[in-house]
Amino acid sequence: MDFGPYLMLAMLEGAVLAAVLALMASGLSLVFGVMRVVNVAHGEFYMLGAVMAWVVTQFMAGLGGGAAVNFIAAAVLAPLIVGTIAAAADITILKRLDYDPERVIVATIGVLYIIQQASLMGYGPDAKPVIAPFNSRIALPWFEFGEEGFQIYFPWGLSTTSYKLFVIVAAVVLLFALRLFMTRSRAGLIMRATQLDGEMATAFGIPVERVYAIVFGAGAALAALAGVLIVPIQQAHYLMGGDALLLSFIVVIIGGLGSLAGTVVAAVIIGMSDGIISVFFTPTLAKIIATLAVALVLVFRPQGLFGVKSR
Amino acid sequence: MTRKDLITHLGLIAVLFALHFLLPTYHHGIFARVMVLAVYAIGYNIAFGYTGLLSLGHAMFFGAGMYGMGLAAYHFAIPALPAWLIGVGCAALLSLVVGLLALRTQDVSFMIVTLMFAQAAYLIILYFSEFTRGDDGFVVPSDMRAIGPWDLSDESTRYIVALILFSGALMISLWLVRQPFGRVLVALRENEERARLLGYDTGRRKLASLVISGTISGAAGAAYAGLFGYVGASFAGVQYSIFALLWVLLGGAGTVLGPFIGTLFMFYLIDLATEVTEAYMLIAGVALVLLTLFAPQGIVGEIRRRLWKDLP
């Protein structure tokens, strides 16, 4: 394959990563924005979403459903289950800590290990696949200005699957829906009010603690949804949360903590550059550069590359 | 330092020395390991417990000591004691550089920055696997594991050397927190703004605290390589940063004896759990949640609160 088509392939893979990352990181960003706490267990909710997708599709396959029906069931049920677990964790643990930022970090590290190790016990150490609802191969065209002028052809190896394109579209739709929900709906208004001033919101009769539980659950559900979307491409494994957590940290920091639009832009940048950098460098070197770069962004530009300085 | 302080801490050292002759082989080995890891926890405690710097990257200092010592012995055939000093020096240098950068941030950002630096350090170890043997790690050559006539791989010597190291770290930590310098660190933890208003250069003191903390952690890592003869990337991974946090929280953050007590308890808990299930880190998770919920002071912290008000 020539360089051009190769780059395009790398960008497509990057776009899939960006889509999943944007969903997951916006969950982390939502929780940080509204509750001002960092959820270190976020990666495990992503993993749990993938694992639950496997569980649900196995169960549905036992009932004799088709691949598409099974997948839709997983996409609905897995985020619901994970969101409920997260909301329960919020009520039983985070609420009792008064949402103190440092103690929440320590507690969510604990939650991280509990979920991860419980999955190891219940689900096992092996990676398991989920069948995609549809997965036809789509060859992509490439063009070239050769001696015979402009021509379009289909290079061998330049292809993607319909499912990967679906992931990108689904993520875009979901993120738009999230934005509309936050800006246009009453629930979104309440969340934004709580974000701006929790005490004032309480004074206006907003049940802040219930809002927090819902937000924490919703953030986890977004991560779980990202997990469900990725699992037909990348199998479900009990350790998949670690890398995902680090990447979403990177995205949220680059995008500016708590800013939803910045998060999406950063997800696209990180996802795409991860796809392209790993063409030129080894993945380990790419990760070293990315983590160091992000640490330095936090040191020298704590508001993120796109954030505005806080008051 | 009052006489009561001295008696308590020297008493612990005396008890550990007596245990050298009393413990059965298996527990004798565990105690040697716990003492070295407790030095790591003592180092972590100075930053986290006394100064209030929640770092999630101390494994990089432990790893710097370990790899500094191990690589010097492995590639350059440098004997144990100078190699140990090289390891300590590496950790001191790394903590200075990390401190200069990371201490520009605070609270949650500080935790994420240290986590990121530690992750980068871990990946660098994997990337240069030609020298570091990556994930597999390497065994420190046995002829380098000796100080003069004493063979460090001998169990009895190992215990005594671990005890000397542990006693040194414990007494340094006790001396430090009874110094005016240590009192200022506590003031920083309680209210940084107020400490600055009182005229203390808070930035320099936090940096000093982090360098002391990282250096002690690195001394533990270098000693671990020399005493147990194995150097591996997993010791620099995020799990070891979290272990330090867990040990200190369990024993009691901001107490001199806490790190040892916490390390001892957790080591035995995890040792028991590994016999039952491969998901032994479940214990660590449950312990972290329960500690933050019900006993943020830890074991020694509770003793101080209820029984002995001026325990250091």
# chains A, B, ... in the order shown; residues from 1 in each chain; ligands from 1
>>> interface_residues(of="chain A", to="chain B", cutoff="8 Å", atoms="only C-alpha atoms", output="PyMOL selection string")
chain A and resi 38+93+96-97+101-103+106-114+117-118+120-121+284-285+287-289+291-292+294-296+298-300+302
>>> select_by_dssp(residues="stretch 221-296 of chain B", states="helix (DSSP H, G or I)", output="VMD selection string")
chain B and resid 221 to 228 233 to 236 238 to 251 258 to 276 281 to 294
>>> residues_around(residues="B:Ala225", least_positions_apart="3", cutoff="7 Å", atoms="only C-alpha atoms", output="PDB file with N, CA, C and O atoms, in the first residue's frame")
ATOM      1  N   MET B  66      15.483   1.258  42.716  1.00  0.00           N
ATOM      2  CA  MET B  66      15.652  -0.145  42.372  1.00  0.00           C
ATOM      3  C   MET B  66      16.456  -0.311  41.079  1.00  0.00           C
ATOM      4  O   MET B  66      17.414  -1.088  41.020  1.00  0.00           O
ATOM      5  N   MET B  69      20.163   1.011  41.360  1.00  0.00           N
ATOM      6  CA  MET B  69      21.016   0.022  42.009  1.00  0.00           C
ATOM      7  C   MET B  69      21.205  -1.193  41.089  1.00  0.00           C
ATOM      8  O   MET B  69      22.325  -1.633  40.829  1.00  0.00           O
ATOM      9  N   GLY B  70      20.081  -1.732  40.604  1.00  0.00           N
ATOM     10  CA  GLY B  70      20.122  -2.984  39.846  1.00  0.00           C
ATOM     11  C   GLY B  70      20.924  -2.865  38.559  1.00  0.00           C
ATOM     12  O   GLY B  70      21.766  -3.717  38.256  1.00  0.00           O
ATOM     13  N   GLY B 221      13.735   1.058  47.516  1.00  0.00           N
ATOM     14  CA  GLY B 221      13.761   0.329  46.249  1.00  0.00           C
ATOM     15  C   GLY B 221      15.134  -0.253  45.965  1.00  0.00           C
ATOM     16  O   GLY B 221      15.262  -1.420  45.567  1.00  0.00           O
ATOM     17  N   ALA B 222      16.191   0.563  46.200  1.00  0.00           N
ATOM     18  CA  ALA B 222      17.552   0.091  45.947  1.00  0.00           C
ATOM     19  C   ALA B 222      17.890  -1.065  46.888  1.00  0.00           C
ATOM     20  O   ALA B 222      18.493  -2.064  46.472  1.00  0.00           O
ATOM     21  N   PHE B 228      16.786  -8.738  47.795  1.00  0.00           N
ATOM     22  CA  PHE B 228      15.982  -9.840  47.251  1.00  0.00           C
ATOM     23  C   PHE B 228      16.394 -10.204  45.839  1.00  0.00           C
ATOM     24  O   PHE B 228      15.892 -11.155  45.265  1.00  0.00           O
ATOM     25  N   GLY B 229      17.310  -9.404  45.264  1.00  0.00           N
ATOM     26  CA  GLY B 229      17.995  -9.824  44.051  1.00  0.00           C
ATOM     27  C   GLY B 229      17.182  -9.756  42.782  1.00  0.00           C
ATOM     28  O   GLY B 229      17.644 -10.181  41.728  1.00  0.00           O
ATOM     29  N   TYR B 230      15.957  -9.208  42.844  1.00  0.00           N
ATOM     30  CA  TYR B 230      15.160  -9.152  41.625  1.00  0.00           C
ATOM     31  C   TYR B 230      14.740  -7.717  41.331  1.00  0.00           C
ATOM     32  O   TYR B 230      14.323  -6.991  42.227  1.00  0.00           O
ATOM     33  N   VAL B 231      14.868  -7.330  40.063  1.00  0.00           N
ATOM     34  CA  VAL B 231      14.459  -6.005  39.619  1.00  0.00           C
ATOM     35  C   VAL B 231      13.438  -6.191  38.500  1.00  0.00           C
ATOM     36  O   VAL B 231      13.729  -6.874  37.519  1.00  0.00           O
TER      37      VAL B 231
END
>>> select_by_dssp(residues="stretch 39-240 of chain B", states="strand (DSSP E)", output="short mmCIF file (atom, residue, chain, number, x, y, z; two decimals) with N, CA, C and O atoms, in the first residue's frame")
data_model
loop_
_atom_site.label_atom_id
_atom_site.label_comp_id
_atom_site.auth_asym_id
_atom_site.auth_seq_id
_atom_site.Cartn_x
_atom_site.Cartn_y
_atom_site.Cartn_z
N PHE B 138 15.15 -8.56 35.75
CA PHE B 138 16.39 -9.33 35.76
C PHE B 138 16.81 -9.63 37.20
O PHE B 138 16.30 -9.02 38.14
N VAL B 139 17.73 -10.58 37.30
CA VAL B 139 18.22 -10.96 38.61
C VAL B 139 19.56 -10.26 38.83
O VAL B 139 20.42 -10.28 37.96
N ALA B 146 26.78 -8.42 47.95
CA ALA B 146 27.52 -8.62 49.18
C ALA B 146 28.11 -7.29 49.63
O ALA B 146 28.48 -6.46 48.81
N ILE B 147 28.10 -7.06 50.96
CA ILE B 147 28.78 -5.90 51.53
C ILE B 147 29.97 -6.45 52.30
O ILE B 147 29.80 -7.08 53.34
N TRP B 150 29.83 -9.90 54.12
CA TRP B 150 28.45 -10.34 54.37
C TRP B 150 27.70 -10.58 53.07
O TRP B 150 27.60 -9.68 52.22
N ASP B 151 27.15 -11.75 52.96
CA ASP B 151 26.40 -12.13 51.77
C ASP B 151 24.93 -11.76 51.97
O ASP B 151 24.27 -12.29 52.86
N TYR B 230 15.96 -9.21 42.84
CA TYR B 230 15.16 -9.15 41.62
C TYR B 230 14.74 -7.72 41.33
O TYR B 230 14.32 -6.99 42.23
N VAL B 231 14.87 -7.33 40.06
CA VAL B 231 14.46 -6.00 39.62
C VAL B 231 13.44 -6.19 38.50
O VAL B 231 13.73 -6.87 37.52
#
>>> atom_distance(atom1="atom CA of A:Leu140", atom2="atom CA of A:Val173")
23.3 Å
>>> atom_distance(atom1="atom CA of B:Gly49", atom2="atom CA of B:Leu6")
20.5 Å
>>> closest_residue(among="B:Leu170, B:Leu311, B:Ile78, B:Ile270", to="B:Arg145", atoms="only C-alpha atoms")
B:Ile78
>>> atom_distance(atom1="atom CA of A:Asp126", atom2="atom CA of B:Ser241")
26.2 Å
